[in-house]
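Source file my_file_18.txt; content: compact mmCIF, C-alpha atoms.
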```txt
# COMPACT_ATOMS: atom_id res chain seq x y z
CA MET X 1 -115.36 -137.74 7.20
CA GLY X 2 -114.92 -136.25 3.72
CA LYS X 3 -113.89 -137.85 0.45
CA TYR X 4 -110.19 -137.17 0.99
CA PHE X 5 -109.80 -135.83 4.54
CA GLY X 6 -110.59 -137.98 7.57
CA THR X 7 -110.47 -137.12 11.26
CA ASP X 8 -106.71 -136.64 11.06
CA GLY X 9 -106.10 -135.18 7.63
CA PHE X 10 -105.68 -136.60 4.12
CA ARG X 11 -103.99 -139.96 4.61
CA GLY X 12 -103.20 -142.89 2.34
CA GLU X 13 -100.53 -144.86 0.54
CA ALA X 14 -98.00 -142.48 -0.97
CA ASN X 15 -98.37 -142.06 -4.74
CA ILE X 16 -101.40 -144.35 -4.70
CA SER X 17 -104.20 -142.56 -2.86
CA LEU X 18 -102.11 -139.51 -1.92
CA ASN X 19 -99.63 -138.20 -4.47
CA ALA X 20 -97.56 -135.15 -5.33
CA ASP X 21 -100.30 -133.79 -7.56
CA HIS X 22 -102.72 -133.81 -4.62
CA ALA X 23 -100.14 -131.98 -2.50
CA TYR X 24 -99.53 -129.35 -5.18
CA LYS X 25 -103.26 -128.71 -5.59
CA ILE X 26 -103.76 -128.50 -1.83
CA GLY X 27 -101.02 -125.87 -1.72
CA ARG X 28 -102.55 -123.98 -4.64
CA PHE X 29 -105.96 -123.88 -2.94
CA LEU X 30 -104.73 -122.93 0.52
CA GLY X 31 -102.46 -120.18 -0.80
CA SER X 32 -105.38 -118.69 -2.73
CA TYR X 33 -108.00 -119.16 -0.02
CA PHE X 34 -105.94 -117.60 2.77
CA GLY X 35 -104.53 -114.95 0.45
CA LYS X 36 -107.85 -113.41 -0.53
CA ASN X 37 -108.43 -109.66 -0.77
CA GLY X 38 -104.77 -108.74 -1.10
CA HIS X 39 -103.69 -110.47 2.14
CA LYS X 40 -100.19 -111.96 2.01
CA CYS X 41 -100.73 -115.48 3.32
CA ARG X 42 -98.06 -116.88 5.68
CA VAL X 43 -97.83 -120.65 6.12
CA VAL X 44 -95.58 -122.82 8.26
CA VAL X 45 -94.81 -126.36 7.04
CA GLY X 46 -93.31 -129.34 8.87
CA LYS X 47 -92.87 -133.03 8.14
CA ASP X 48 -91.89 -136.39 9.61
CA PRO X 49 -88.81 -138.16 8.17
CA ARG X 50 -90.51 -140.86 6.05
CA ARG X 51 -89.20 -140.95 2.49
CA SER X 52 -92.30 -139.59 0.75
CA SER X 53 -92.55 -136.61 3.11
CA TYR X 54 -89.87 -134.76 1.15
CA MET X 55 -91.72 -135.25 -2.14
CA LEU X 56 -95.01 -134.06 -0.66
CA GLU X 57 -93.32 -131.16 1.13
CA TYR X 58 -91.78 -129.76 -2.03
CA ALA X 59 -95.02 -130.24 -3.96
CA ILE X 60 -97.21 -128.49 -1.42
CA VAL X 61 -94.69 -125.64 -1.02
CA ALA X 62 -94.62 -125.20 -4.80
CA GLY X 63 -98.41 -124.94 -4.82
CA LEU X 64 -98.47 -122.46 -1.95
CA THR X 65 -95.86 -120.13 -3.41
CA ALA X 66 -97.43 -120.36 -6.88
CA SER X 67 -100.60 -118.99 -5.31
CA GLY X 68 -98.68 -116.19 -3.63
CA ALA X 69 -98.18 -117.54 -0.09
CA ASP X 70 -94.96 -117.08 1.85
CA VAL X 71 -93.85 -120.44 3.25
CA TYR X 72 -91.74 -120.97 6.38
CA MET X 73 -90.21 -124.45 6.46
CA LEU X 74 -89.61 -126.16 9.79
CA HIS X 75 -88.37 -129.37 8.13
CA VAL X 76 -88.54 -132.45 10.41
CA ILE X 77 -90.60 -131.58 13.47
CA THR X 78 -93.49 -133.00 15.48
CA THR X 79 -97.13 -132.22 14.72
CA PRO X 80 -97.52 -130.35 18.04
CA GLY X 81 -94.40 -128.41 17.13
CA VAL X 82 -96.11 -127.15 13.97
CA SER X 83 -99.22 -126.36 16.02
CA TYR X 84 -97.18 -124.34 18.55
CA VAL X 85 -95.29 -122.33 15.93
CA THR X 86 -98.48 -121.64 13.95
CA ARG X 87 -100.20 -120.26 17.03
CA VAL X 88 -97.35 -118.35 18.66
CA ASP X 89 -95.87 -116.83 15.52
CA GLU X 90 -99.31 -115.89 14.16
CA PHE X 91 -99.29 -117.78 10.87
CA ASP X 92 -102.48 -118.04 8.82
CA LEU X 93 -102.24 -121.82 8.91
CA GLY X 94 -99.90 -124.71 9.57
CA ILE X 95 -99.31 -127.86 7.54
CA MET X 96 -97.84 -131.13 8.80
CA ILE X 97 -96.86 -133.91 6.42
CA SER X 98 -97.11 -137.19 8.29
CA ALA X 99 -99.02 -140.45 8.49
CA SER X 100 -98.51 -140.64 12.26
CA HIS X 101 -98.26 -144.29 13.38
CA ASN X 102 -98.83 -145.74 9.89
CA PRO X 103 -96.03 -147.56 7.98
CA TYR X 104 -93.55 -145.62 5.84
CA THR X 105 -95.45 -146.52 2.66
CA ASP X 106 -98.30 -144.26 3.82
CA ASN X 107 -98.30 -140.52 4.28
CA GLY X 108 -100.69 -137.74 5.15
CA ILE X 109 -101.33 -134.02 5.12
CA LYS X 110 -102.66 -132.44 8.31
CA LEU X 111 -104.01 -128.89 8.23
CA LEU X 112 -104.06 -126.55 11.23
CA ASN X 113 -105.82 -123.20 11.58
CA SER X 114 -104.18 -120.05 12.93
CA ARG X 115 -104.77 -121.20 16.52
CA GLY X 116 -102.90 -124.46 15.90
CA GLU X 117 -106.16 -126.43 15.96
CA LYS X 118 -107.37 -128.85 13.32
CA MET X 119 -108.68 -126.99 10.29
CA GLU X 120 -112.37 -126.11 10.18
CA ASP X 121 -114.64 -128.44 8.20
CA SER X 122 -115.90 -125.51 6.14
CA VAL X 123 -112.42 -124.99 4.66
CA ILE X 124 -111.91 -128.72 4.13
CA GLU X 125 -115.17 -128.94 2.19
CA LEU X 126 -114.09 -126.17 -0.20
CA LEU X 127 -110.64 -127.76 -0.57
CA GLU X 128 -112.14 -131.13 -1.43
CA ALA X 129 -114.40 -129.48 -4.01
CA TYR X 130 -111.30 -127.93 -5.60
CA LEU X 131 -109.53 -131.29 -5.68
CA ASP X 132 -112.54 -132.51 -7.68
CA GLY X 133 -112.29 -129.59 -10.10
CA ASP X 134 -114.39 -126.82 -8.54
CA ALA X 135 -112.44 -123.68 -7.64
CA GLY X 136 -115.58 -121.90 -6.45
CA ASP X 137 -115.29 -118.13 -6.05
CA LEU X 138 -111.48 -118.33 -6.08
CA GLY X 139 -111.12 -119.06 -9.79
CA GLU X 140 -112.72 -119.73 -13.10
CA ASN X 141 -113.37 -123.02 -14.93
CA GLY X 142 -111.94 -124.92 -12.00
CA GLU X 143 -108.61 -123.11 -12.20
CA LEU X 144 -106.93 -120.76 -9.74
CA PRO X 145 -104.94 -117.71 -10.85
CA PHE X 146 -101.16 -117.83 -10.52
CA ALA X 147 -99.27 -115.20 -8.58
CA THR X 148 -96.88 -113.17 -10.72
CA GLY X 149 -93.99 -110.77 -10.21
CA LYS X 150 -93.56 -109.64 -6.62
CA SER X 151 -96.70 -111.52 -5.66
CA ILE X 152 -95.02 -114.93 -6.03
CA GLY X 153 -94.46 -116.38 -2.57
CA LYS X 154 -91.07 -116.69 -0.92
CA ILE X 155 -89.63 -119.66 0.99
CA VAL X 156 -87.90 -119.17 4.35
CA ASP X 157 -85.84 -121.73 6.27
CA TYR X 158 -87.45 -121.43 9.70
CA MET X 159 -85.29 -123.55 12.00
CA SER X 160 -85.61 -120.80 14.61
CA GLY X 161 -89.28 -121.78 14.97
CA ARG X 162 -88.34 -125.33 15.85
CA ASN X 163 -85.73 -124.14 18.32
CA ARG X 164 -88.31 -121.94 19.99
CA TYR X 165 -90.66 -124.90 20.36
CA VAL X 166 -87.92 -126.94 22.04
CA ALA X 167 -87.23 -124.06 24.42
CA TYR X 168 -90.93 -123.82 25.20
CA LEU X 169 -91.11 -127.49 26.17
CA ILE X 170 -88.10 -127.11 28.45
CA SER X 171 -89.66 -124.06 30.11
CA ILE X 172 -92.81 -125.98 31.07
CA ALA X 173 -91.06 -128.19 33.62
CA SER X 174 -90.93 -126.84 37.16
CA HIS X 175 -88.53 -129.50 38.48
CA SER X 176 -85.08 -130.70 37.58
CA PHE X 177 -85.01 -134.26 36.18
CA ARG X 178 -81.37 -134.79 37.09
CA LYS X 179 -81.99 -137.72 39.45
CA LEU X 180 -83.99 -139.70 36.91
CA LYS X 181 -83.07 -142.30 34.30
CA ILE X 182 -85.55 -142.01 31.45
CA GLY X 183 -86.05 -144.13 28.33
CA LEU X 184 -87.20 -142.59 25.06
CA ASP X 185 -88.47 -144.53 22.04
CA CYS X 186 -88.64 -142.05 19.17
CA ALA X 187 -90.13 -144.47 16.59
CA ASN X 188 -87.52 -143.29 14.07
CA GLY X 189 -89.88 -140.39 13.60
CA SER X 190 -90.28 -136.68 14.20
CA SER X 191 -89.16 -136.74 17.84
CA TRP X 192 -85.77 -138.29 17.13
CA MET X 193 -83.80 -135.12 17.94
CA ILE X 194 -86.29 -133.05 19.95
CA ALA X 195 -87.08 -135.53 22.75
CA ARG X 196 -83.44 -136.17 23.62
CA ASN X 197 -82.65 -132.44 23.61
CA VAL X 198 -85.54 -131.64 25.93
CA PHE X 199 -84.89 -134.34 28.52
CA GLU X 200 -81.13 -133.84 28.55
CA ALA X 201 -81.65 -130.11 29.02
CA LEU X 202 -83.85 -130.90 32.02
CA GLY X 203 -81.04 -132.97 33.53
CA ALA X 204 -82.26 -136.53 33.00
CA LYS X 205 -79.96 -139.39 32.08
CA VAL X 206 -81.61 -140.56 28.88
CA PHE X 207 -81.58 -143.92 27.11
CA VAL X 208 -82.74 -143.30 23.55
CA ILE X 209 -83.79 -145.98 21.08
CA ASN X 210 -85.15 -145.85 17.53
CA ALA X 211 -83.71 -142.42 16.82
CA GLU X 212 -81.96 -143.13 13.52
CA PRO X 213 -84.55 -142.44 10.82
CA ASN X 214 -83.67 -143.47 7.27
CA GLY X 215 -87.01 -142.74 5.63
CA LEU X 216 -88.06 -146.40 5.63
CA ASN X 217 -87.91 -147.44 9.29
CA ILE X 218 -90.46 -145.08 10.88
CA ASN X 219 -92.69 -147.04 13.31
CA VAL X 220 -91.03 -150.36 12.35
CA ASN X 221 -91.04 -152.40 15.58
CA ALA X 222 -90.73 -149.07 17.33
CA GLY X 223 -92.68 -146.39 19.13
CA SER X 224 -96.03 -146.30 20.88
CA THR X 225 -97.54 -149.07 18.75
CA HIS X 226 -94.71 -151.51 19.56
CA ILE X 227 -94.28 -150.86 23.26
CA ASP X 228 -92.56 -154.16 24.13
CA VAL X 229 -89.26 -152.81 22.79
CA LEU X 230 -89.26 -149.98 25.32
CA ARG X 231 -90.47 -152.26 28.10
CA SER X 232 -87.34 -154.38 27.72
CA VAL X 233 -85.06 -151.33 27.68
CA VAL X 234 -86.61 -149.89 30.84
CA VAL X 235 -86.35 -153.12 32.82
CA GLU X 236 -82.89 -154.14 31.58
CA ASN X 237 -81.41 -150.72 32.39
CA SER X 238 -83.32 -150.17 35.67
CA LEU X 239 -84.86 -146.95 34.39
CA ASP X 240 -87.35 -144.89 36.38
CA ILE X 241 -89.79 -144.50 33.47
CA GLY X 242 -89.90 -144.71 29.68
CA PHE X 243 -91.84 -142.88 26.98
CA ALA X 244 -92.71 -144.05 23.48
CA TYR X 245 -93.97 -141.75 20.74
CA ASP X 246 -95.61 -142.35 17.38
CA GLY X 247 -94.25 -141.13 14.04
CA ASP X 248 -95.24 -137.46 14.49
CA ALA X 249 -95.07 -137.50 18.31
CA ASP X 250 -98.57 -136.25 19.01
CA ARG X 251 -99.16 -139.26 21.22
CA CYS X 252 -97.28 -140.92 24.07
CA ILE X 253 -97.47 -144.29 25.79
CA ALA X 254 -95.32 -144.81 28.89
CA VAL X 255 -93.70 -147.72 30.74
CA ASP X 256 -93.10 -147.87 34.49
CA GLU X 257 -89.94 -149.16 36.17
CA LYS X 258 -91.36 -152.71 36.26
CA GLY X 259 -92.14 -152.74 32.54
CA ASN X 260 -95.87 -152.23 32.95
CA VAL X 261 -97.55 -150.22 30.19
CA ILE X 262 -99.03 -146.83 31.11
CA THR X 263 -101.74 -146.26 28.48
CA GLY X 264 -103.51 -143.03 27.61
CA ASP X 265 -106.23 -143.93 30.10
CA HIS X 266 -103.62 -144.35 32.85
CA ILE X 267 -102.11 -141.01 31.89
CA LEU X 268 -105.51 -139.29 32.11
CA TYR X 269 -106.00 -140.81 35.57
CA ILE X 270 -102.52 -139.83 36.81
CA LEU X 271 -102.63 -136.28 35.46
CA GLY X 272 -106.28 -135.83 36.44
CA LYS X 273 -105.53 -136.84 40.01
CA ASN X 274 -102.48 -134.57 40.16
CA PHE X 275 -104.20 -131.58 38.55
CA SER X 276 -107.28 -131.97 40.74
CA SER X 277 -105.20 -132.02 43.92
CA LYS X 278 -103.61 -128.71 42.87
CA GLY X 279 -106.83 -127.05 41.68
CA MET X 280 -105.64 -127.16 38.06
CA LEU X 281 -108.42 -129.40 36.70
CA SER X 282 -111.02 -127.06 35.19
CA GLY X 283 -114.53 -128.13 36.12
CA ASN X 284 -112.91 -131.02 37.98
CA SER X 285 -113.63 -132.96 34.81
CA ILE X 286 -111.79 -134.95 32.14
CA VAL X 287 -112.81 -135.50 28.52
CA THR X 288 -112.42 -139.07 27.25
CA THR X 289 -113.61 -141.01 24.21
CA VAL X 290 -115.94 -143.99 24.05
CA MET X 291 -112.84 -146.22 23.81
CA SER X 292 -111.69 -145.45 27.35
CA ASN X 293 -111.71 -148.37 29.77
CA PHE X 294 -114.56 -148.93 32.24
CA GLY X 295 -111.95 -149.10 34.96
CA LEU X 296 -110.97 -145.48 34.33
CA TYR X 297 -114.49 -144.27 35.02
CA LYS X 298 -114.75 -146.28 38.22
CA ALA X 299 -111.40 -144.90 39.38
CA LEU X 300 -112.42 -141.33 38.58
CA ASP X 301 -115.71 -141.85 40.41
CA ALA X 302 -113.74 -142.87 43.49
CA LEU X 303 -111.73 -139.64 43.26
CA GLY X 304 -114.81 -137.50 42.75
CA ILE X 305 -113.62 -136.43 39.29
CA SER X 306 -116.29 -136.19 36.61
CA TYR X 307 -115.84 -137.07 32.94
CA GLU X 308 -117.39 -136.77 29.52
CA LYS X 309 -117.23 -139.11 26.51
CA THR X 310 -116.85 -138.15 22.85
CA ALA X 311 -116.51 -140.01 19.57
CA VAL X 312 -113.05 -141.41 18.91
CA GLY X 313 -110.58 -138.81 17.68
CA ASP X 314 -108.55 -136.15 19.46
CA LYS X 315 -110.37 -133.62 17.27
CA TYR X 316 -113.61 -134.40 19.10
CA VAL X 317 -111.91 -134.41 22.48
CA TYR X 318 -110.49 -130.95 21.87
CA GLU X 319 -113.81 -129.60 20.59
CA ARG X 320 -115.51 -130.70 23.83
CA MET X 321 -112.71 -129.26 25.93
CA LEU X 322 -113.00 -125.95 24.09
CA GLU X 323 -116.78 -125.93 24.40
CA LYS X 324 -116.78 -126.59 28.16
CA GLY X 325 -113.52 -124.92 29.12
CA TYR X 326 -111.93 -128.15 30.34
CA SER X 327 -108.18 -128.43 30.83
CA LEU X 328 -107.50 -132.15 30.30
CA GLY X 329 -108.68 -134.72 27.80
CA GLY X 330 -107.41 -137.52 25.65
CA GLU X 331 -107.57 -140.97 24.20
CA GLN X 332 -106.50 -144.42 25.32
CA SER X 333 -104.05 -144.45 22.38
CA GLY X 334 -101.99 -141.71 24.03
CA HIS X 335 -103.29 -138.49 22.48
CA ILE X 336 -103.37 -136.29 25.58
CA ILE X 337 -104.41 -132.65 25.37
CA ILE X 338 -103.47 -130.22 28.14
CA SER X 339 -105.15 -126.97 27.16
CA LYS X 340 -102.98 -124.76 29.37
CA TYR X 341 -100.01 -125.57 27.16
CA ALA X 342 -101.27 -126.81 23.77
CA THR X 343 -104.22 -127.00 21.40
CA THR X 344 -103.39 -130.53 20.22
CA GLY X 345 -101.98 -133.75 21.61
CA ASP X 346 -98.26 -133.49 22.34
CA GLY X 347 -96.34 -136.62 23.26
CA ILE X 348 -93.26 -134.88 24.61
CA LEU X 349 -95.35 -132.43 26.65
CA THR X 350 -97.27 -135.40 28.06
CA SER X 351 -93.95 -137.02 29.02
CA ILE X 352 -92.86 -133.88 30.85
CA MET X 353 -96.11 -133.66 32.81
CA LEU X 354 -95.95 -137.36 33.74
CA THR X 355 -92.36 -136.92 34.92
CA GLU X 356 -93.47 -133.92 36.98
CA SER X 357 -96.21 -136.08 38.54
CA LEU X 358 -93.63 -138.78 39.29
CA LEU X 359 -91.33 -136.33 41.06
CA GLU X 360 -94.16 -134.74 43.04
CA ALA X 361 -95.58 -138.10 44.14
CA ARG X 362 -92.19 -139.21 45.53
CA PHE X 363 -92.83 -142.90 44.80
CA PRO X 364 -92.13 -145.21 41.83
CA ALA X 365 -93.96 -144.88 38.52
CA SER X 366 -95.66 -148.24 39.13
CA LYS X 367 -97.57 -146.64 42.03
CA LEU X 368 -98.84 -143.60 40.10
CA SER X 369 -101.96 -145.36 38.83
CA ASP X 370 -102.88 -147.12 42.09
CA GLY X 371 -106.67 -147.08 42.31
CA PHE X 372 -107.17 -147.67 38.60
CA ASN X 373 -107.97 -151.31 37.85
CA VAL X 374 -108.18 -152.03 34.14
CA TYR X 375 -111.07 -154.08 32.80
CA PRO X 376 -109.89 -156.76 30.34
CA GLN X 377 -110.21 -155.37 26.83
CA VAL X 378 -109.41 -156.76 23.39
CA LEU X 379 -109.20 -154.52 20.33
CA LYS X 380 -108.60 -155.87 16.83
CA ASN X 381 -108.65 -154.28 13.40
CA ILE X 382 -109.76 -155.74 10.09
CA ARG X 383 -109.03 -154.09 6.75
CA VAL X 384 -112.09 -154.01 4.49
CA LYS X 385 -113.01 -152.81 1.00
CA ASP X 386 -116.13 -150.84 1.94
CA MET X 387 -116.55 -149.88 5.60
CA SER X 388 -120.10 -148.54 5.31
CA SER X 389 -121.52 -151.56 3.48
CA ILE X 390 -119.92 -153.95 5.97
CA LEU X 391 -121.27 -152.10 9.00
CA ASN X 392 -124.74 -151.90 7.44
CA ASP X 393 -124.83 -155.58 6.54
CA PRO X 394 -127.69 -157.40 8.39
CA GLU X 395 -125.53 -160.37 9.39
CA VAL X 396 -122.80 -158.11 10.77
CA LYS X 397 -125.38 -156.11 12.71
CA SER X 398 -126.90 -159.33 14.02
CA VAL X 399 -123.64 -160.75 15.39
CA ILE X 400 -122.81 -157.41 17.06
CA ASP X 401 -126.27 -157.31 18.69
CA SER X 402 -125.86 -160.92 19.79
CA VAL X 403 -122.51 -160.26 21.45
CA SER X 404 -123.89 -157.14 23.13
CA GLU X 405 -126.83 -159.08 24.52
CA ARG X 406 -124.60 -161.84 25.88
CA LEU X 407 -122.27 -159.31 27.53
CA GLY X 408 -125.20 -157.61 29.27
CA GLU X 409 -124.18 -155.28 32.08
CA SER X 410 -120.84 -157.02 32.58
CA GLY X 411 -119.19 -155.56 29.50
CA ARG X 412 -119.61 -153.84 26.16
CA ILE X 413 -118.78 -154.12 22.47
CA LEU X 414 -117.81 -151.20 20.25
CA VAL X 415 -117.48 -151.56 16.47
CA ARG X 416 -116.48 -148.50 14.47
CA LYS X 417 -114.84 -147.24 11.32
CA SER X 418 -111.32 -145.86 11.48
CA GLY X 419 -111.10 -142.19 10.63
CA THR X 420 -107.65 -142.55 9.07
CA GLU X 421 -107.55 -145.83 7.11
CA PRO X 422 -109.95 -148.43 5.55
CA VAL X 423 -110.17 -150.42 8.74
CA ILE X 424 -112.98 -151.49 11.07
CA ARG X 425 -112.05 -151.62 14.74
CA ILE X 426 -113.74 -154.14 17.06
CA MET X 427 -113.36 -153.70 20.81
CA VAL X 428 -114.84 -155.88 23.54
CA GLU X 429 -114.57 -155.23 27.26
CA SER X 430 -115.70 -157.71 29.90
CA GLY X 431 -114.73 -159.46 33.10
CA ASP X 432 -112.14 -161.77 31.56
CA SER X 433 -109.75 -161.73 28.61
CA GLU X 434 -110.87 -165.08 27.19
CA SER X 435 -114.43 -163.96 26.60
CA CYS X 436 -113.18 -160.66 25.12
CA GLU X 437 -111.02 -162.57 22.66
CA ARG X 438 -113.81 -165.00 21.79
CA TYR X 439 -116.40 -162.30 21.12
CA VAL X 440 -114.03 -160.15 19.05
CA ASN X 441 -113.05 -163.13 16.91
CA GLU X 442 -116.71 -164.01 16.42
CA VAL X 443 -117.43 -160.59 14.95
CA ILE X 444 -114.26 -160.57 12.86
CA SER X 445 -115.19 -163.95 11.38
CA VAL X 446 -118.50 -162.60 10.07
CA ILE X 447 -116.94 -159.34 8.81
CA SER X 448 -114.17 -161.29 7.07
CA ALA X 449 -116.69 -163.52 5.30
CA LYS X 450 -118.72 -160.51 4.15
CA ASN X 451 -115.60 -158.69 3.01
CA SER X 452 -114.53 -161.63 0.83
CA GLU X 453 -117.96 -161.67 -0.81
CA ASN X 454 -117.44 -158.15 -2.16
CA PRO X 455 -115.56 -157.95 -5.48
```
Please lay out the structure from this file as structure tokens.
Amino acid sequence: MGKYFGTDGFRGEANISLNADHAYKIGRFLGSYFGKNGHKCRVVVGKDPRRSSYMLEYAIVAGLTASGADVYMLHVITTPGVSYVTRVDEFDLGIMISASHNPYTDNGIKLLNSRGEKMEDSVIELLEAYLDGDAGDLGENGELPFATGKSIGKIVDYMSGRNRYVAYLISIASHSFRKLKIGLDCANGSSWMIARNVFEALGAKVFVINAEPNGLNINVNAGSTHIDVLRSVVVENSLDIGFAYDGDADRCIAVDEKGNVITGDHILYILGKNFSSKGMLSGNSIVTTVMSNFGLYKALDALGISYEKTAVGDKYVYERMLEKGYSLGGEQSGHIIISKYATTGDGILTSIMLTESLLEARFPASKLSDGFNVYPQVLKNIRVKDMSSILNDPEVKSVIDSVSERLGESGRILVRKSGTEPVIRIMVESGDSESCERYVNEVISVISAKNSENP
């Protein structure tokens, strides 16, 4: 993780740790870097509807065009939508302005390469150096040259790109959804128009909630991180299934007809089983992260499906999939990557594939994950001032080792830094929820005490 960019872009509180000046400079660098040697750089830009996204969008577009790049604006769209348009329409890079599941006070800048994948670390390193005043070979005395005359970049309203992405999603489905009642929680985010359009076009009767963004209500008691809202809607309206997205809709959590939550691990199991039965699961293997539940691995073992584990982050999942040629991978949080259709997690795509699995199985959604028994797991976050010093503290290490020893072979503890915010995540898995809760709280107590000691 770099000084500014984490595993999912440059993210922080708007106008505190991420401001319009940062956005302008990022645009200036990217326009110059991808416009070297007389090449006319083409960039596609999208955003989620939080209030600060508009400020950052205009700033980054100003920087790009000032460096000579032509900018195609998708306006409000999902992160996977930007990824799709970047790849299909052969742009040099794509930019998404979003802080995903974070509150509206935060924002972020995600960079995608020409294949719609997360930007290479080598480019990020040069960009971060420029943000600190080093323009490298692109300029002199830390400054980049401005484009002039005909070289100044143009700005194009590119709504046709978004429409093409919606059409692409609709084309993926091989069944009509006309007999289904489907709930959609759009988190007052990027999916607020797209998800409804896709599922109505496929024939479903849709029940949409949290699809009235006002710039301040993104993710507020809504979306994949507040799933109880959708659970109530599904049960009260006797829906067949429900889907909840995060702010930029690159993840999806589902709810079955009984109100049970279908996590990312459940989705990997359901899709893995379906793909394997049809010979669509490359290498008959799934890529997971270390956060996936023990129960998933036992269930996959029973099906004869193999799996691999990566560090947390859909970036690492995709890298392993690319390296091994695998077709399915994802995270418990709902980032699901299906390489046949996308190079990043796509919540709406995941919803379509789950609905396809539901129709093909010919039984209720609550039966789709039969065979997968979840191990009790408790995950809590604690915000800290200095993640590295806390995790290297002898007393913190000691309590983690103590919990691990007491869990033995019956469970595990995982303590890690967030890649997107100043938070330490503590997860314990064991045979019962009470011990999970007790052990997590024990670690949090020590971390909290150490955190308060730091000025």
Determine, counting only C-alpha atoms, every residue of protein, DNA or RNA that lies within 12 Å of (-121.5, -155.4, 32.9) in the file coordinates, then give the result as a PyMOL selection string. chain X and resi 294-295+375-376+404-413+428-432
Which residues, written as an mmCIF file with C-alpha atoms, in the coordinates of the input, have at least one atom at most 7 Å from Asn284 in chain X, with only C-alpha atoms counted and residues fewer than 4 positions away on the same chain left out?
```cif
data_model
loop_
_atom_site.group_PDB
_atom_site.id
_atom_site.type_symbol
_atom_site.label_atom_id
_atom_site.label_comp_id
_atom_site.auth_asym_id
_atom_site.auth_seq_id
_atom_site.Cartn_x
_atom_site.Cartn_y
_atom_site.Cartn_z
ATOM 1 C CA SER X 276 -107.280 -131.970 40.740
ATOM 2 C CA ILE X 305 -113.620 -136.430 39.290
ATOM 3 C CA SER X 306 -116.290 -136.190 36.610
#
```
Rounded to one decimal place, report the CA of Ser191 in chain X-CA of Phe34 in chain X distance in Å. 29.6 Å
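Nearest-residue note for Asn102 in chain X: choosing from X:Glu212, X:Asp386, X:Asp346, X:Glu13, the minimum distance belongs to X:Glu13, counting all atoms listed in the file.
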Can you sort out the box for range 322-325 of chain X, edges along x, y and z, all listed atoms in, 8 Å on every side, with centre and edge lengths in Å to one decimal, as JSON?
```
{"center_x": -114.9, "center_y": -125.8, "center_z": 26.6, "size_x": 19.8, "size_y": 17.7, "size_z": 21.0}
```
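Shortest atom-to-atom contact with Asp248 in chain X among X:Arg50, X:Arg87, X:Arg115, X:Lys417: X:Arg50, counting all atoms listed in the file.
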Long-range neighbours of Val71 in chain X as a ChimeraX atom specification, 12 Å cut-off, only C-alpha atoms, 5 positions minimum in chain: /X:27,30-31,40-46,57-58,60-66,86,91-95,152-158
Need the shell around range 332-336 of chain X: protein/DNA/RNA residues with any atom at most 7 Å away, counting all atoms listed in the file. Skip same-chain ones fewer than 5 positions apart. Format as a PyMOL selection string? chain X and resi 250-253+263-265+291-292+314+345-346+350
Between X:Val233, X:His101, X:Ile170, X:Gly2, which has the minimum distance to Ser122 in chain X (counting all atoms listed in the file)?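 Checking each candidate against Ser122 in chain X, we get X:Gly2 as the closest.
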Nearby residues (all atoms listed in the file) at most 9 Å from Ile286 in chain X, same-chain spacing under 2 positions excluded, as a PDB file with C-alpha atoms, keeping the file's coordinate frame:
```pdb
ATOM      1  CA  LEU X 268    -105.510-139.290  32.110  1.00  0.00           C
ATOM      2  CA  TYR X 269    -106.000-140.810  35.570  1.00  0.00           C
ATOM      3  CA  GLY X 272    -106.280-135.830  36.440  1.00  0.00           C
ATOM      4  CA  LEU X 281    -108.420-129.400  36.700  1.00  0.00           C
ATOM      5  CA  SER X 282    -111.020-127.060  35.190  1.00  0.00           C
ATOM      6  CA  GLY X 283    -114.530-128.130  36.120  1.00  0.00           C
ATOM      7  CA  ASN X 284    -112.910-131.020  37.980  1.00  0.00           C
ATOM      8  CA  THR X 288    -112.420-139.070  27.250  1.00  0.00           C
ATOM      9  CA  ILE X 305    -113.620-136.430  39.290  1.00  0.00           C
ATOM     10  CA  SER X 306    -116.290-136.190  36.610  1.00  0.00           C
ATOM     11  CA  TYR X 307    -115.840-137.070  32.940  1.00  0.00           C
ATOM     12  CA  GLU X 308    -117.390-136.770  29.520  1.00  0.00           C
ATOM     13  CA  LYS X 309    -117.230-139.110  26.510  1.00  0.00           C
ATOM     14  CA  MET X 321    -112.710-129.260  25.930  1.00  0.00           C
ATOM     15  CA  TYR X 326    -111.930-128.150  30.340  1.00  0.00           C
ATOM     16  CA  SER X 327    -108.180-128.430  30.830  1.00  0.00           C
ATOM     17  CA  LEU X 328    -107.500-132.150  30.300  1.00  0.00           C
ATOM     18  CA  GLY X 329    -108.680-134.720  27.800  1.00  0.00           C
ATOM     19  CA  GLY X 330    -107.410-137.520  25.650  1.00  0.00           C
TER      20      GLY X 330
END
```
Using all atoms listed in the file, determine which residues lie at most 10 Å from Ile390 in chain X, disregarding the query and same-chain residues fewer than 5 positions distant; provide the list as a ChimeraX atom specification. /X:384-385,395-397,417,424,446-448,450-451,454
Could you check the closest approach to Ser174 in chain X for each of X:Ala99, X:Thr105, X:Leu202, X:Gly259 and tell me which residue wins, using all atoms listed in the file?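 Closest to Ser174 in chain X, using all atoms listed in the file: X:Leu202.
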Could you check the closest approach to Gly215 in chain X for each of X:Tyr24, X:Phe275, X:Phe363, X:Tyr104 and tell me which residue wins, using only C-alpha atoms?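 Answer, going by the shortest atom-to-atom distance: X:Tyr104.
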Quick one: pull the distance between CA of Arg425 in chain X and CA of Val440 in chain X, Å, one decimal.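 Pair CA of Arg425 in chain X / CA of Val440 in chain X returns 9.8 Å.
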